[in-house]
Amino acid sequence: MERVLLEVRDVNKAFGGVITAKNVDMKVMAGEIHGLIGPNGAGKTTLLNLISGIYEVDSGHIFFEGNEITNLPAHKRARLGLGRTFQSPRFMNRASIKDNLELGTDLRNQFTYIQSFFGKKGADFYSELEELMEIAGFTFDWNEHITSLPYGQQKLLEIVRAMLAHPTVILVDEPAAGLNKQEQERVSLLLRKAVDSGMGVVLIEHTMEMVMNICDNITVLNFGEVIAKGKPQEIATNPQVIEAYLGGENDA
Amino acid sequence: MKKKKILTPKIIGKIIVAIIIIAAFIIIPLPGVVSRYMLKVYNDGLIYFIAALGLSVMLGMGGQVTYSTAGIMGVGAYITAILSTKYGWNTGLAIIVALIAGAIFSFVVGLALFRLKGSYFSFASIGLTNLLVTIFSNWMEMTEGPDGITRIPKLDVGFMKFTDFNSYFRLLFIIAIICYLFVLRLRKTSYGRALASVRDNEITAASFGVNCYMTKVYSFVIAGVFACLAGGLYAVHAGFISPEPFKYDQSAIYLIMIMLGGVDSTFGAFLGASLLTIIPEKMRWLNEYYKLIYGVGVIILMIFMPMGLMGIIDNFKYKMIGKIKKRKQSNAIETEAN
Amino acid sequence: MVLQLFITGISMGMLYALMAMGLILIVKAVGVLNFAHGQLFMLGAYITWSLTNQLKLPLWAMIIAMIVCFCIVGLSFMFTVYWPLRNSPWKVTVVISTLGASIALKEAVRLIWSFIPLLSKPLIDKVIRIGDAVMNVQYIFIIIISGALMLFVYFLFEKTFIGKIMQATAQNRYAAELIGIPSVVAIAGTYMISMCMSGVGGWLAAPLFLVSQSLGTFAQKAFAGIVVGGFGSIKGAVVGCVLVGLIESFSILITDAYKDAVVFGVLILVLIIRPTGIFGEKIEEKA
Amino acid sequence: MKKIMILLLTLLMVFSFTGCNRNGDKPGEDEPIKIGLTDAFTGDRAGNGQYTKEGVDMFLEYINGKGGVLGREVVVVYEDDQGNETAAVNAYQKLILENEDLTAVVLNKYSSVVLAMEPYVADSKIPAICSGSNVKIEQSTNPYLYSTRRSDYGSGATMAAFIKQEGAKRVAILYSPDALGKGMSEIVIAKLQEAGIEVVSSQQFSEGEKQFANYVAKIKESNPDFIVCIGQTSETGLIVKAIYDAGLNHIKCIGNSAFAQATTIEQAGLEASEGWYSITAFAAGTEEEPTASWIRSYTEKYGHAPEMTSVTTYDALSMICYAIEKANSTDPEAVNAELKKILNFEGIAAVYSYNGNPMLANSEFVIQIQNGKAIVLTKVIG
C-alpha cells in the first residue's frame, strides 16, 4: 500500500547564521521504517522538531496524511497522530509509571477534561501493554517511580508509551543510543511491531547495523541538506554518504 | 504486573482517616470544647486551606508560582461584601455570584498572564495583585477604600443559619472536604496528568497533545474560583473586610503553606494551612521576633525539606517499602538457594 | 508642569533602573528572580545611614566602608539563600527561600534600627530651578551615579574577560565548571556587584524618601521595568524602567489615586501585545 | 545534618501545640484593675505604638504611685493591632475573649481601624476610648464608644474658618486615601464653598506614596493662595519637604493635627516646616498649663518630645480611672454610666465633657510652626 503518511517538501530552517535545514524533501510511506541518518550535527533532530512543530519552518511545507500541518502548533499535530520520543527519555519523574503511560493513552482517547473528570475511562489497555512488554522483555511495578527503572528500560518504555497512543507516524530519536546489544534487538522488534500494526516510523539512529537491517528506506542528511535517498543497500555503497561519514578516503 | 489491588493496609488507613475526620467534625464545634477565639482561628485556617487547595493545583500539579491568590481572594471577598451590604442580596447568593465572576476574571487575566513563562509569570502576578489592591483601596464609592466594608451579614440560607462560629465551622468543614476531594479527584484525571506534564517539560507535554497554554489557564481559573470561594467565606466570617489581607505579602503565605505542607501532596496543603494559622497564635510570646524566626524558618525549610513535610513522610514510606521489598527478595533468594 | 513631570519621571526611572540592574545580574547568574531585592535596597539605605550618622565617617571613607559592607552582605545573602539550594532540581525552592529572606530582612532591620523612619542628609541639600520645574540636586547624583554604574556593569559583562566568565557560569554552571571556571567565585562576584548596585540605590534614595522599611516597595516598579524593557537584557531593563518612571509620573494627568494601577495596567498590556518586551528576543527552547 | 534539622523543626512544631496560653485570672478584692489597650506595635505604623506605650507607663507610674484606684493596682493589657483594620479586629476579639475581667479598653488614633472594631465594641459592652477624629465616629450611636478628640467636622470647620479669616481666595487640597483624608477634605471643601472660596485643585494621593513632587507640581499649576494638606504622620514630613522643594513656601499652608507633631517637623526640616499652620488638639511646643509641665516631665523621662497619641492615651486612662472611682466598681456597665456623666474633666491635652456624642474634647488649638516650635495662636472651644 503505497500511501504517503508524511511528506516534507522543500523545508528550510536557520538559527541566526547556522543553517540547519536546506530545502529538505522526505516522504514516509505507510508500513515503512524510514531511516534518517547523517553525521553528528547534520540537523536530524532539528528536522524531527520541525516535523513535530517544536520549531517553526522558515519556508517549505509539511503534509500529514495529505493535509498541510506546516503552521499547526505542536499539540495539534500530536493529536492528528504524530508520536514522538526524545534523545534522552523525558518522563514526569515525580509521577508513577502508571501516570506516565496513561499520558500516552490520554492522547489516544482524546476525551475532554470534563469527560475524564466524570470517570470516562478509555478501553482497557493492559492486555496491549502486556503484549508490548513481552517484546520489551522486562516488567515493572505499576506504582513505582519512573526513576527506579534503569536507563535502558526507560528508553524502551518511552517507545512503548508512544506506541500506546496509536499514532499514525512515530518519530524515534536515537532509541538504541547507550543500549546493549540485547536491548537494541528489543528496539528493532518493537519498531517492527509498530510497523506491522500499520504505523509509519521515522528512525534516527547511529548504529549502522540496526539501520541497515530494519529500515525500508533511508534519507541521509549532512549540514542540513539531503545528500542521498534510497534503499539501505544503495545508501551503503553511495560514495557521498561514505565521504560524509568518514570524512573522505584520502584524508590523512 | 497488572494493577494489583493491595487490600488491607491502604483500605484500613482510609477508614481510620475517615473516623478522625467525622470525629473532628462533631466534637470541635461543640460549645466549650475549644475557646471561642481558637474556634475563630480554626475557621480562618479552613478558609486559608480552601485558598491553598486552589494554589496547590497551580503550584503543586502545574509548577506555576503565582502571587495572585490573595488578590483574587480579595475579588471574591469584595463582590460578596458589596452585593450583600450595598445591594442587600442574600449572602449565599452573593458568594455564588462571586465564584462566577472570579472564574470569568481569572480566565481573562490568565489568558494575558500565561503569555509569560516561569519567574516572569510569577512577578507579573505580583503586578496583578498590586493592581487589584490599588483598586480596592481607592474606589471609594464601592469599596469604601482603606476603611473597608463593615457589617457584612452572616450566611442565612433560609432553612439553615450560620450565625455563630460553631455552625460556621461545620459549613466550612464540609466545603473544605468537598474541595479536597475535588482536587484529589483532579489528580487522577487526564487533566491532572496533562498539568503534571506541563510542570515537568512543556515540550514533552506538547508532543503528547497537551495544549500547555490553555492547561495553565484552566489551572489559573481553578485557583481563582477556589480563591474567590475562600474570599467570600472570609468576608462573611470576619464580618468586615479591608484591602489589607489581600495585599502582596499575604499572597506569600499561601505559597509557603504549600511548600511547608509538601508540594506534591493535596493533604500537604491542609497540613501547611493548619500549621501556619495555629503556630502564630501559639507563638504569641515571641511577638516582635515571630516574623524574623518565621522568615528564617522558611529559608531553613527550603534548604532541608524542599519537598515539605509530606515529602519526608513519603520518603520515609518509600524507604520502608524498599526495606520490606528487600527483605522479601532476600528471603526469596534464600529459599531458592537452599 | 510637564517639565516637572518629565524630570521626576526620569529621575525615578533611573532609580528603578539601578535596582533593575542589580536584579538582572542575579537572573543572569542564577536564573531566578530575587524576590528579596527590595529589602536589599532598603538595607543599603540603613547601612549607609549608620555609617554616616553613627560612625560619623567622612564621605570618601564612608563610600569605601559602604562597598565593603555591601560585598559582605551580598556574600552572606548568597551563601544562606542561594548556595545551599544550587543543586535543587526545582527552581521554586530558590524563589521561596528569597521570599523567606525578604520577610526576615525586613524584621531584622526593624529590630536593629527600630521602626521610626530615619532622616539622612543629601550630599548637597540644594534645589535647582529649570523653568518653572524644580529638581533636587540629589536626583542629578542619582542619574550620574546610576548611569556610571550601569555603563561599568555593561562593559564588565559584555567586554571584559571576567564578564565572560560570569556569563558562562550563568548560562551553564555545569559546563563552566567543566572547563575550570570556579563557579563559586563567579556567582559570588555577581551577587556582590548586584548588592552594591541596589545598596548604592538605597543610599541615593534615602535622603529623598527617608530611611524606612517601606523603601522595599520600589522593587515592584523595577520588576515592571524589566518586563516592559525585555527579558534579561540590560539595555532593555534601563529603558523599561525609565519608561515606567515616566508612565508613573505622567499618569497624574489622568488620575491622582490610581497611579499604581496605571503602571501595573500598562505592564499587563505590554504582556498581551508584546510578551517579550521591547528588546527581548524570542527564546527558543531546545528540544 | 539533615536529620538534626528536621528533628529540630518537628520539635518546634510539637512544642508550639502545647505552648503556654495565659488563662484569665478571676477578679478578686486585691486583684489588679485590668484595662485593655490595642495599638500598632509592629508594621509600618509601629512608631505610634511606641509613643502610646510611653504615655501609658507615665500614667501607671503616676496612678499606682498614688496607691492605684479603689486601693487596687491598675494594670494595662496590650494587644498589637499592627495599625491595620483586619489585624485590629483579631486583636480586639483576642483581648476580650482572653481577659474576661477587662474594665475598659483604649484604642488607637487611626479612624479606619477604630471603625472596623466598633461593631465588636458594641457586642462586648465594654467602654472603649479611642483618639480617632473621623465624622463616622462622631455619628456613631454605639453607647460604649468615646474619643478624646474633636471630630473632623469640628476641625474641618475651624480650618475653613481660619482660611476665610486669612483672606484666601483660591485653595488647593491634597488628602490621604483613608477615612481621615476623605472625611475631613469633604467638610473643608463644603465649608469653603459655603464661604464663597474657590477650591482650585483637590487631589487624593495613592496609598504608601513617597514621591509627592508630581502632586505638588499639579498644585503649583492651579496657582492657589492657600494649600490644605491632610495625612498621617508617615507621609506628612515628605509632603512638607516636597512643597518646600517646589518653592511654594511663600504660599500659606495648613495641615491637620499630624502636621503639628514633632516627627513631621524633624523629618521635613526647620526651613521647610517654617510657617505651617495646623488645627490640633495637642502641640508639643504649647505654653499652656498643665500641658507644658507635663511635656517637660515627659521629655525628661524619655529624651524626646511626646506625640499626640501619648497625651490622648494618658487622658483616656485618667478618665477611665476617674469613672471607676466615681462608680466605686470595676464593672464595665457602671464605669460606662459614669463616663456619660463626665463634665469639664481637666485632662492634659484638653478639657473633656460628654455631651451626647462620642467626641469628648471640645477644644482645639490653631498653631503655627515657628522655628521648629508649635506656637498656639488661638484656642477654639465648642
# chains A, B, ... in the order shown; residues from 1 in each chain; ligands from 1
>>> closest_atom_pairs(of="chain B", to="chain D", cutoff="6 Å", atoms="only C-alpha atoms", output="CSV")
residue,atom,partner,partner_atom,distance
B:Pro146,CA,D:Asp178,CA,5.4
B:Asp147,CA,D:Ser112,CA,4.5
B:Lys282,CA,D:Ser16,CA,5.8
>>> interface_residues(of="chain C", to="chain B", cutoff="9 Å", atoms="only C-alpha atoms", output="ChimeraX atom specification")
/C:31-33,35,80-81,84-85,88,90,92-108,111,220-221,223-224,227,231,257-265,267-269,271-272,275-276,285-287
>>> atom_distance(atom1="atom CA of D:Pro290", atom2="atom CA of D:Ala260")
18.8 Å
>>> residues_around(residues="stretch 157-169 of chain D", least_positions_apart="3", cutoff="8 Å", atoms="only C-alpha atoms", output="MDAnalysis selection string")
chainID D and resid 153:154 187:188 191:192 195 197:198 224:226 254 279 380
>>> interface_residues(of="chain C", to="chain D", cutoff="10 Å", atoms="only C-alpha atoms", output="ChimeraX atom specification")
/C:1-9,12,107,110,114-120,126-129,132-136,208-210,212-215,217-218,248-253,255-261
>>> atom_distance(atom1="atom CA of C:Gly201", atom2="atom CA of C:Lys235")
18.0 Å
>>> select_by_dssp(residues="stretch 72-168 of chain A", states="helix (DSSP H, G or I)", output="PyMOL selection string")
chain A and resi 74-81+97-109+113-117+126-136+146-148+151-164
>>> closest_atom_pairs(of="chain A", to="chain C", cutoff="8 Å", atoms="only C-alpha atoms", output="JSON lines")
{"residue": "A:Asn49", "atom": "CA", "partner": "C:Ala287", "partner_atom": "CA", "distance": 7.2}
{"residue": "A:Ile54", "atom": "CA", "partner": "C:Ala287", "partner_atom": "CA", "distance": 7.3}
{"residue": "A:Tyr55", "atom": "CA", "partner": "C:Glu284", "partner_atom": "CA", "distance": 7.9}
>>> write_last_selection(atoms="N, CA, C and O atoms", output="PDB file, in the first residue's frame")
ATOM      1  N   ASN A  49      12.199  18.055  15.087  1.00  0.00           N
ATOM      2  CA  ASN A  49      11.486  19.136  15.797  1.00  0.00           C
ATOM      3  C   ASN A  49      10.625  19.955  14.848  1.00  0.00           C
ATOM      4  O   ASN A  49       9.539  20.407  15.196  1.00  0.00           O
ATOM      5  N   ILE A  54       7.829  21.646  17.173  1.00  0.00           N
ATOM      6  CA  ILE A  54       8.519  22.349  18.271  1.00  0.00           C
ATOM      7  C   ILE A  54       9.141  23.629  17.713  1.00  0.00           C
ATOM      8  O   ILE A  54       9.092  24.685  18.338  1.00  0.00           O
ATOM      9  N   TYR A  55       9.742  23.528  16.505  1.00  0.00           N
ATOM     10  CA  TYR A  55      10.241  24.739  15.836  1.00  0.00           C
ATOM     11  C   TYR A  55       9.345  25.022  14.648  1.00  0.00           C
ATOM     12  O   TYR A  55       8.755  24.084  14.057  1.00  0.00           O
TER      13      TYR A  55
END
>>> atom_distance(atom1="atom CA of C:Phe70", atom2="atom CA of C:Ala188")
12.3 Å
>>> interface_residues(of="chain A", to="chain B", cutoff="6 Å", atoms="only C-alpha atoms", output="VMD selection string")
chain A and resid 74 to 75 78 to 79 92 113 116 to 117 141
>>> write_last_selection(atoms="N, CA, C and O atoms", output="compact mmCIF listing (two decimals), in the first residue's frame")
# COMPACT_ATOMS: atom_id res chain seq x y z
N ALA A 74 2.36 22.38 17.96
CA ALA A 74 2.84 21.02 18.22
C ALA A 74 1.73 20.12 18.77
O ALA A 74 1.57 18.98 18.33
N HIS A 75 0.91 20.68 19.71
CA HIS A 75 -0.06 19.77 20.35
C HIS A 75 -1.14 19.34 19.35
O HIS A 75 -1.65 18.22 19.40
N ALA A 78 0.28 16.50 17.31
CA ALA A 78 0.31 15.24 18.08
C ALA A 78 -1.07 14.60 18.05
O ALA A 78 -1.22 13.38 17.85
N ARG A 79 -2.10 15.45 18.18
CA ARG A 79 -3.47 14.90 18.23
C ARG A 79 -3.85 14.28 16.88
O ARG A 79 -4.70 13.39 16.82
N MET A 92 7.67 12.21 33.39
CA MET A 92 7.28 13.04 34.54
C MET A 92 7.89 12.35 35.75
O MET A 92 7.30 11.41 36.31
N TYR A 113 -11.37 17.17 29.18
CA TYR A 113 -11.03 17.09 30.60
C TYR A 113 -12.28 16.81 31.42
O TYR A 113 -12.26 16.07 32.40
N SER A 116 -13.24 13.19 31.32
CA SER A 116 -12.31 12.39 32.11
C SER A 116 -12.58 12.58 33.59
O SER A 116 -12.48 11.64 34.38
N PHE A 117 -13.00 13.82 33.96
CA PHE A 117 -13.24 14.08 35.40
C PHE A 117 -14.39 13.22 35.88
O PHE A 117 -14.37 12.65 36.96
N ASP A 141 6.84 -2.52 38.49
CA ASP A 141 5.73 -2.38 39.45
C ASP A 141 4.95 -1.12 39.05
O ASP A 141 5.52 -0.03 38.89
>>> residues_around(residues="A:Thr70", least_positions_apart="2", cutoff="9 Å", atoms="only C-alpha atoms", output="PyMOL selection string")
chain A and resi 50-51+53+56-57+60-63+68+72-73
>>> closest_residue(among="B:Gly145, B:Ile12, B:Ala269, B:Thr277", to="B:Leu39", atoms="only C-alpha atoms")
B:Thr277
>>> residues_around(residues="D:Ser124", least_positions_apart="2", cutoff="12 Å", atoms="only C-alpha atoms", output="number ranges by chain")
D: 92-97, 99-105, 117-122, 126-128, 142-145, 332-333
>>> closest_residue(among="B:Trp89, B:Leu181, B:Gly231, B:Phe49", to="B:Pro243", atoms="only C-alpha atoms")
B:Gly231
>>> select_by_dssp(residues="stretch 14-242 of chain A", states="strand (DSSP E)", output="ChimeraX atom specification")
/A:14-15,18-29,33-37,59-64,67-68,82-84,169-173,200-204,217-222,225-230
>>> write_last_selection(atoms="N, CA and C atoms", output="compact mmCIF listing (two decimals), in the first residue's frame")
# COMPACT_ATOMS: atom_id res chain seq x y z
N ALA A 14 16.91 28.09 9.70
CA ALA A 14 18.26 28.56 10.11
C ALA A 14 18.12 29.28 11.44
N PHE A 15 19.05 29.00 12.33
CA PHE A 15 19.10 29.74 13.62
C PHE A 15 20.20 30.79 13.48
N VAL A 18 23.41 29.90 11.45
CA VAL A 18 23.59 28.44 11.29
C VAL A 18 22.42 27.86 10.49
N ILE A 19 22.71 27.28 9.32
CA ILE A 19 21.65 26.67 8.50
C ILE A 19 21.47 25.24 8.98
N THR A 20 20.30 24.90 9.47
CA THR A 20 20.11 23.53 9.98
C THR A 20 19.26 22.72 9.01
N ALA A 21 18.57 23.39 8.10
CA ALA A 21 17.80 22.59 7.12
C ALA A 21 17.76 23.40 5.82
N LYS A 22 18.14 22.74 4.69
CA LYS A 22 18.19 23.47 3.41
C LYS A 22 17.42 22.64 2.39
N ASN A 23 16.33 23.18 1.90
CA ASN A 23 15.33 22.55 1.01
C ASN A 23 15.34 21.01 1.13
N VAL A 24 14.85 20.59 2.31
CA VAL A 24 14.80 19.15 2.62
C VAL A 24 13.49 18.58 2.07
N ASP A 25 13.62 17.43 1.37
CA ASP A 25 12.42 16.71 0.91
C ASP A 25 12.47 15.31 1.49
N MET A 26 11.34 14.83 1.95
CA MET A 26 11.33 13.47 2.50
C MET A 26 9.90 12.93 2.43
N LYS A 27 9.76 11.66 2.12
CA LYS A 27 8.42 11.04 2.12
C LYS A 27 8.47 9.80 2.98
N VAL A 28 7.42 9.61 3.80
CA VAL A 28 7.37 8.40 4.65
C VAL A 28 6.10 7.63 4.26
N MET A 29 6.27 6.37 3.86
CA MET A 29 5.13 5.56 3.40
C MET A 29 4.53 4.81 4.58
N ILE A 33 9.67 1.57 7.80
CA ILE A 33 10.60 2.21 8.75
C ILE A 33 11.55 3.06 7.91
N HIS A 34 11.43 4.37 8.10
CA HIS A 34 12.22 5.28 7.25
C HIS A 34 13.41 5.77 8.06
N GLY A 35 14.58 5.36 7.68
CA GLY A 35 15.79 5.76 8.41
C GLY A 35 16.16 7.19 8.08
N LEU A 36 16.66 7.92 9.05
CA LEU A 36 17.15 9.30 8.83
C LEU A 36 18.52 9.35 9.46
N ILE A 37 19.57 9.26 8.61
CA ILE A 37 20.92 9.17 9.20
C ILE A 37 21.77 10.34 8.71
N SER A 59 10.73 28.24 5.75
CA SER A 59 9.92 28.17 4.49
C SER A 59 9.75 26.68 4.18
N GLY A 60 8.83 26.37 3.25
CA GLY A 60 8.57 24.98 2.87
C GLY A 60 7.29 24.48 3.52
N HIS A 61 6.90 23.21 3.21
CA HIS A 61 5.61 22.68 3.68
C HIS A 61 5.78 21.30 4.26
N ILE A 62 4.90 20.97 5.18
CA ILE A 62 4.87 19.60 5.74
C ILE A 62 3.43 19.10 5.60
N PHE A 63 3.29 17.89 5.04
CA PHE A 63 1.95 17.32 4.87
C PHE A 63 1.83 16.06 5.70
N PHE A 64 0.71 15.89 6.33
CA PHE A 64 0.48 14.69 7.16
C PHE A 64 -0.83 14.07 6.68
N ASN A 67 -3.00 16.32 4.34
CA ASN A 67 -3.34 17.73 4.60
C ASN A 67 -2.17 18.45 5.26
N GLU A 68 -2.12 19.78 5.06
CA GLU A 68 -0.95 20.57 5.42
C GLU A 68 -0.95 20.83 6.94
N LEU A 82 0.75 12.11 15.49
CA LEU A 82 2.20 12.20 15.27
C LEU A 82 2.87 11.89 16.61
N GLY A 83 3.41 10.66 16.79
CA GLY A 83 4.05 10.29 18.07
C GLY A 83 5.51 10.69 18.05
N ARG A 84 6.11 10.70 19.25
CA ARG A 84 7.48 11.22 19.29
C ARG A 84 8.23 10.64 20.51
N VAL A 169 2.12 8.12 12.65
CA VAL A 169 3.57 8.10 12.37
C VAL A 169 4.27 8.30 13.70
N ILE A 170 5.35 7.56 13.92
CA ILE A 170 6.08 7.73 15.18
C ILE A 170 7.51 8.13 14.85
N LEU A 171 7.94 9.28 15.45
CA LEU A 171 9.29 9.79 15.19
C LEU A 171 10.18 9.30 16.34
N VAL A 172 11.19 8.50 16.03
CA VAL A 172 12.02 7.90 17.08
C VAL A 172 13.43 8.47 16.98
N ASP A 173 13.89 9.08 18.08
CA ASP A 173 15.17 9.82 18.05
C ASP A 173 16.23 9.01 18.82
N GLY A 200 3.69 4.27 10.58
CA GLY A 200 4.91 4.63 9.86
C GLY A 200 5.95 5.01 10.90
N VAL A 201 7.22 4.69 10.64
CA VAL A 201 8.27 5.00 11.64
C VAL A 201 9.36 5.82 10.97
N VAL A 202 9.73 6.94 11.61
CA VAL A 202 10.93 7.68 11.16
C VAL A 202 11.99 7.43 12.23
N LEU A 203 13.09 6.80 11.83
CA LEU A 203 14.10 6.37 12.82
C LEU A 203 15.40 7.12 12.63
N ILE A 204 15.80 7.88 13.65
CA ILE A 204 17.15 8.48 13.66
C ILE A 204 18.02 7.53 14.47
N ASN A 217 13.55 2.31 3.87
CA ASN A 217 14.07 3.43 3.06
C ASN A 217 14.95 4.29 3.96
N ILE A 218 15.91 4.98 3.38
CA ILE A 218 16.81 5.82 4.20
C ILE A 218 16.99 7.17 3.51
N THR A 219 17.00 8.21 4.31
CA THR A 219 17.39 9.56 3.83
C THR A 219 18.64 9.95 4.59
N VAL A 220 19.63 10.47 3.89
CA VAL A 220 20.89 10.87 4.55
C VAL A 220 21.00 12.39 4.56
N LEU A 221 21.25 12.94 5.71
CA LEU A 221 21.37 14.40 5.86
C LEU A 221 22.82 14.76 6.19
N ASN A 222 23.32 15.85 5.61
CA ASN A 222 24.63 16.35 6.01
C ASN A 222 24.60 17.88 5.94
N GLU A 225 21.41 19.27 4.59
CA GLU A 225 20.99 19.01 3.21
C GLU A 225 20.84 17.52 2.99
N VAL A 226 19.83 17.17 2.15
CA VAL A 226 19.66 15.75 1.82
C VAL A 226 20.70 15.40 0.76
N ILE A 227 21.61 14.48 1.12
CA ILE A 227 22.66 14.15 0.12
C ILE A 227 22.40 12.79 -0.53
N ALA A 228 21.46 11.99 0.04
CA ALA A 228 21.21 10.69 -0.62
C ALA A 228 19.88 10.15 -0.13
N LYS A 229 19.22 9.33 -0.95
CA LYS A 229 17.92 8.74 -0.59
C LYS A 229 17.88 7.34 -1.23
N GLY A 230 17.18 6.42 -0.55
CA GLY A 230 17.02 5.13 -1.26
C GLY A 230 17.05 3.95 -0.31
>>> residues_around(residues="stretch 156-159 of chain A", least_positions_apart="3", cutoff="7 Å", atoms="only C-alpha atoms", output="PyMOL selection string")
chain A and resi 85+89+136+152-153+162-163+187
>>> write_last_selection(atoms="C-alpha atoms", output="mmCIF file, in the first residue's frame")
data_model
loop_
_atom_site.group_PDB
_atom_site.id
_atom_site.type_symbol
_atom_site.label_atom_id
_atom_site.label_comp_id
_atom_site.auth_asym_id
_atom_site.auth_seq_id
_atom_site.Cartn_x
_atom_site.Cartn_y
_atom_site.Cartn_z
ATOM 1 C CA THR A 85 10.337 10.028 21.505
ATOM 2 C CA PRO A 89 13.979 9.946 27.796
ATOM 3 C CA ALA A 136 10.468 -5.149 25.501
ATOM 4 C CA GLY A 152 17.871 1.090 29.018
ATOM 5 C CA GLN A 153 14.427 0.123 30.243
ATOM 6 C CA ALA A 162 4.495 6.409 22.210
ATOM 7 C CA MET A 163 3.001 3.261 20.662
ATOM 8 C CA VAL A 187 14.082 -1.924 19.961
#
